[in-house]
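work_13.cif (mmCIF, C-alpha atoms and all ligand atoms) appears below.
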```
data_model
#
loop_
_atom_site.label_atom_id
_atom_site.label_comp_id
_atom_site.auth_asym_id
_atom_site.auth_seq_id
_atom_site.Cartn_x
_atom_site.Cartn_y
_atom_site.Cartn_z
CA MET A 184 52.91 -3.88 -239.19
CA ILE A 185 56.55 -3.80 -238.18
CA GLY A 186 57.50 -1.26 -235.56
CA ARG A 187 60.68 -0.44 -233.73
CA LEU A 188 63.42 -2.92 -233.00
CA ASN A 189 62.76 -3.73 -229.34
CA HIS A 190 65.70 -5.99 -228.61
CA VAL A 191 68.21 -8.47 -230.00
CA GLY A 192 68.20 -11.86 -228.28
CA VAL A 193 71.63 -13.32 -227.55
CA ALA A 194 72.06 -16.84 -226.20
CA THR A 195 74.92 -17.30 -223.77
CA PRO A 196 76.28 -20.02 -221.52
CA SER A 197 76.79 -17.35 -218.82
CA ILE A 198 74.75 -14.19 -218.36
CA GLU A 199 77.31 -12.87 -215.92
CA ALA A 200 80.16 -13.30 -218.42
CA SER A 201 78.10 -11.68 -221.19
CA VAL A 202 77.11 -8.72 -219.02
CA ALA A 203 80.80 -8.21 -218.32
CA LEU A 204 81.55 -8.26 -222.07
CA TYR A 205 78.92 -5.67 -222.92
CA ARG A 206 80.10 -3.53 -219.99
CA ASP A 207 83.86 -3.85 -220.33
CA LEU A 208 84.26 -4.02 -224.12
CA LEU A 209 81.35 -1.88 -225.29
CA GLY A 210 80.75 0.35 -222.31
CA ALA A 211 77.13 -0.60 -221.64
CA THR A 212 76.32 1.05 -218.34
CA LYS A 213 72.96 -0.48 -217.42
CA ALA A 214 72.32 -4.21 -217.02
CA HIS A 215 69.08 -5.15 -215.27
CA GLU A 216 68.84 -7.92 -212.67
CA PRO A 217 68.66 -11.38 -214.29
CA PHE A 218 65.42 -13.29 -213.74
CA ASP A 219 64.12 -16.81 -214.38
CA LEU A 220 61.34 -17.71 -216.80
CA PRO A 221 60.83 -21.36 -215.80
CA ALA A 222 57.91 -21.90 -218.18
CA GLN A 223 60.22 -21.09 -221.07
CA GLY A 224 63.32 -22.77 -219.67
CA VAL A 225 65.41 -19.62 -219.73
CA ARG A 226 67.12 -17.11 -217.47
CA VAL A 227 67.04 -13.62 -218.93
CA CYS A 228 68.93 -10.38 -218.43
CA PHE A 229 68.33 -7.13 -220.31
CA VAL A 230 71.17 -4.76 -221.09
CA ASP A 231 70.02 -1.24 -221.99
CA LEU A 232 71.34 0.50 -225.09
CA PRO A 233 70.54 4.10 -226.03
CA ASN A 234 67.85 3.00 -228.51
CA SER A 235 67.18 -0.68 -227.75
CA GLN A 236 68.15 -3.60 -225.55
CA ILE A 237 70.18 -6.78 -225.67
CA GLU A 238 68.29 -9.74 -224.19
CA LEU A 239 70.81 -12.21 -222.77
CA ILE A 240 69.35 -15.71 -222.57
CA GLU A 241 70.89 -18.52 -220.56
CA PRO A 242 69.47 -22.06 -220.38
CA LEU A 243 67.41 -22.87 -217.28
CA GLY A 244 66.81 -26.53 -216.52
CA ASP A 245 67.52 -29.69 -218.48
CA GLY A 246 64.72 -29.14 -220.99
CA SER A 247 65.72 -25.63 -221.98
CA PRO A 248 65.36 -24.91 -225.71
CA ILE A 249 68.65 -22.99 -225.48
CA HIS A 250 70.70 -26.16 -224.91
CA GLY A 251 70.39 -27.11 -228.57
CA PHE A 252 71.48 -23.66 -229.70
CA LEU A 253 74.51 -23.72 -227.39
CA ALA A 254 75.42 -27.22 -228.56
CA LYS A 255 75.84 -25.74 -232.05
CA ASN A 256 77.24 -22.42 -230.77
CA PRO A 257 79.19 -23.19 -227.58
CA LYS A 258 80.21 -19.58 -226.98
CA GLY A 259 76.67 -18.36 -227.54
CA GLY A 260 75.49 -16.11 -230.34
CA GLN A 261 72.73 -14.05 -231.82
CA HIS A 262 69.46 -15.94 -231.31
CA HIS A 263 66.55 -13.73 -232.40
CA VAL A 264 65.47 -10.18 -233.14
CA CYS A 265 62.32 -8.66 -231.65
CA PHE A 266 60.18 -6.06 -233.36
CA GLU A 267 57.29 -4.18 -231.80
CA VAL A 268 53.79 -4.46 -233.26
CA GLU A 269 50.68 -2.64 -232.13
CA ASP A 270 48.32 -5.64 -232.32
CA ILE A 271 49.80 -9.11 -231.91
CA LEU A 272 46.74 -11.01 -233.13
CA ALA A 273 46.39 -8.83 -236.21
CA ALA A 274 50.10 -9.33 -236.93
CA ARG A 275 49.81 -13.10 -236.50
CA ASP A 276 46.78 -13.34 -238.75
CA ALA A 277 48.39 -11.17 -241.43
CA LEU A 278 51.53 -13.31 -241.37
CA ARG A 279 49.54 -16.53 -241.63
CA ALA A 280 47.52 -15.09 -244.51
CA LYS A 281 50.85 -14.56 -246.29
CA GLY A 282 51.88 -18.15 -245.65
CA ALA A 283 54.28 -17.68 -242.74
CA THR A 284 54.48 -20.21 -239.91
CA ILE A 285 54.05 -19.05 -236.32
CA LEU A 286 55.91 -21.23 -233.80
CA GLY A 287 53.99 -23.32 -231.29
CA THR A 288 50.22 -23.07 -231.25
CA GLY A 289 50.34 -19.54 -232.57
CA GLU A 290 48.59 -18.28 -229.46
CA PRO A 291 50.55 -15.36 -228.01
CA ARG A 292 52.26 -16.00 -224.71
CA ILE A 293 53.64 -13.55 -222.19
CA GLY A 294 57.28 -12.83 -222.87
CA ALA A 295 60.16 -11.51 -220.82
CA HIS A 296 58.78 -7.96 -220.89
CA GLY A 297 55.39 -9.10 -219.60
CA THR A 298 53.72 -8.43 -222.94
CA PRO A 299 52.20 -10.82 -225.53
CA ILE A 300 54.70 -12.29 -227.99
CA ILE A 301 54.84 -14.70 -230.91
CA PHE A 302 57.75 -16.11 -232.92
CA VAL A 303 57.87 -16.38 -236.71
CA HIS A 304 59.61 -19.50 -238.03
CA PRO A 305 63.09 -18.67 -239.35
CA LYS A 306 62.43 -20.67 -242.52
CA ASP A 307 59.99 -17.94 -243.52
CA MET A 308 62.29 -15.06 -242.53
CA GLY A 309 65.54 -15.80 -244.33
CA GLY A 310 66.94 -17.83 -241.46
CA VAL A 311 66.25 -15.21 -238.78
CA LEU A 312 64.12 -16.14 -235.78
CA VAL A 313 61.79 -13.15 -235.40
CA GLU A 314 59.94 -12.33 -232.21
CA LEU A 315 57.00 -9.94 -232.39
CA MET A 316 56.00 -8.14 -229.22
CA GLU A 317 52.74 -6.31 -228.70
CA THR A 318 53.62 -2.77 -227.68
CA PRO A 319 50.46 -0.68 -228.08
CA LYS A 320 52.30 2.59 -227.60
CA GLN A 321 55.04 2.46 -230.21
CA GLY A 322 58.41 3.22 -228.73
CA ALA A 323 57.59 2.21 -225.18
CA HIS A 324 59.84 -0.37 -223.56
CO CO B 1 63.25 -11.80 -226.99
#
```
Write out the structure in this file as structure tokens.
Ligand code: CO
Amino acid sequence: MIGRLNHVGVATPSIEASVALYRDLLGATKAHEPFDLPAQGVRVCFVDLPNSQIELIEPLGDGSPIHGFLAKNPKGGQHHVCFEVEDILAARDALRAKGATILGTGEPRIGAHGTPIIFVHPKDMGGVLVELMETPKQGAH
């Protein structure tokens, strides 16, 4: 089921400050334009790495789910990891059959890359919030 690591999600109080960190400290040369995902209460910016991406996530609006995370981690921090799967519904059903909890209704929604995603509850993944992204052609971003 599990495919390539697509990205690591990092919550931050400031996308601009985080982009500067990845650029100035680590030498990341390509940060995409930030964009809003109002339905999910987040502002997102992808930073390209040679083999993956960092997804910077800033709260958007009062009801953003990121506010709680930043309350516990005021400087931001690692929020989730995203793995590619070829078939999101098959992955969801296989996980449920093994007893794992899918967040929300379990119906895939369209994520920041414009592809179907689900999240696996961290209680079933050793404390790690895992995003699965349908990427039919493995390796495509
Ligand atoms: Co993500």
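Near ligand CO 1 (chain B), the residues found within 7 Å are A:His190, A:Val191, A:Gly192, A:Glu238, A:His263, A:Val264, A:Cys265, A:Ala295, A:Glu314 (criterion computed using only C-alpha atoms and all ligand atoms).
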Could you name the residues that touch Val193 (chain A) at 6 Å or less, counting all atoms listed in the file, but leaving out those on the same chain fewer than 5 positions away, as a ChimeraX atom specification? /A:238-240,260-262
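The interatomic distance for the pair CA of Pro257 (chain A) and CA of Gly309 (chain A) works out to 22.8 Å.
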From the set A:Met308, A:Leu220, A:Val268, A:Val313, which residue has the shortest atom-to-atom contact distance to Ala283 (chain A), counting all atoms listed in the file? A:Met308
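Each of A:Leu243, A:Pro305, A:Phe252, A:Pro233 was compared to Phe218 (chain A) using only C-alpha atoms, and A:Leu243 turns out to be the nearest.
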Nearby residues (only C-alpha atoms) at most 10 Å from region 277-282 of chain A, same-chain spacing under 6 positions excluded, as a short mmCIF file (atom, residue, chain, number, x, y, z; two decimals) with C-alpha atoms, in the frame of the given file:
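Listed below is the output, out.cif:
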```
data_model
loop_
_atom_site.label_atom_id
_atom_site.label_comp_id
_atom_site.auth_asym_id
_atom_site.auth_seq_id
_atom_site.Cartn_x
_atom_site.Cartn_y
_atom_site.Cartn_z
CA MET A 184 52.91 -3.88 -239.19
CA ILE A 271 49.80 -9.11 -231.91
CA GLY A 289 50.34 -19.54 -232.57
CA VAL A 303 57.87 -16.38 -236.71
CA ASP A 307 59.99 -17.94 -243.52
#
```
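CA of Val225 (chain A) to CA of Gly244 (chain A) spans 7.7 Å [interatomic distance, one decimal].
When all atoms listed in the file are used to compute distances to Ala203 (chain A), the closest of the residues A:Ala222, A:Val230, A:Asn256, A:Glu267 turns out to be A:Val230.
Minimum distance to Gln236 (chain A) across A:Val311, A:Leu204, A:Leu188, A:Ala273 (counting only C-alpha atoms) occurs at A:Leu188.
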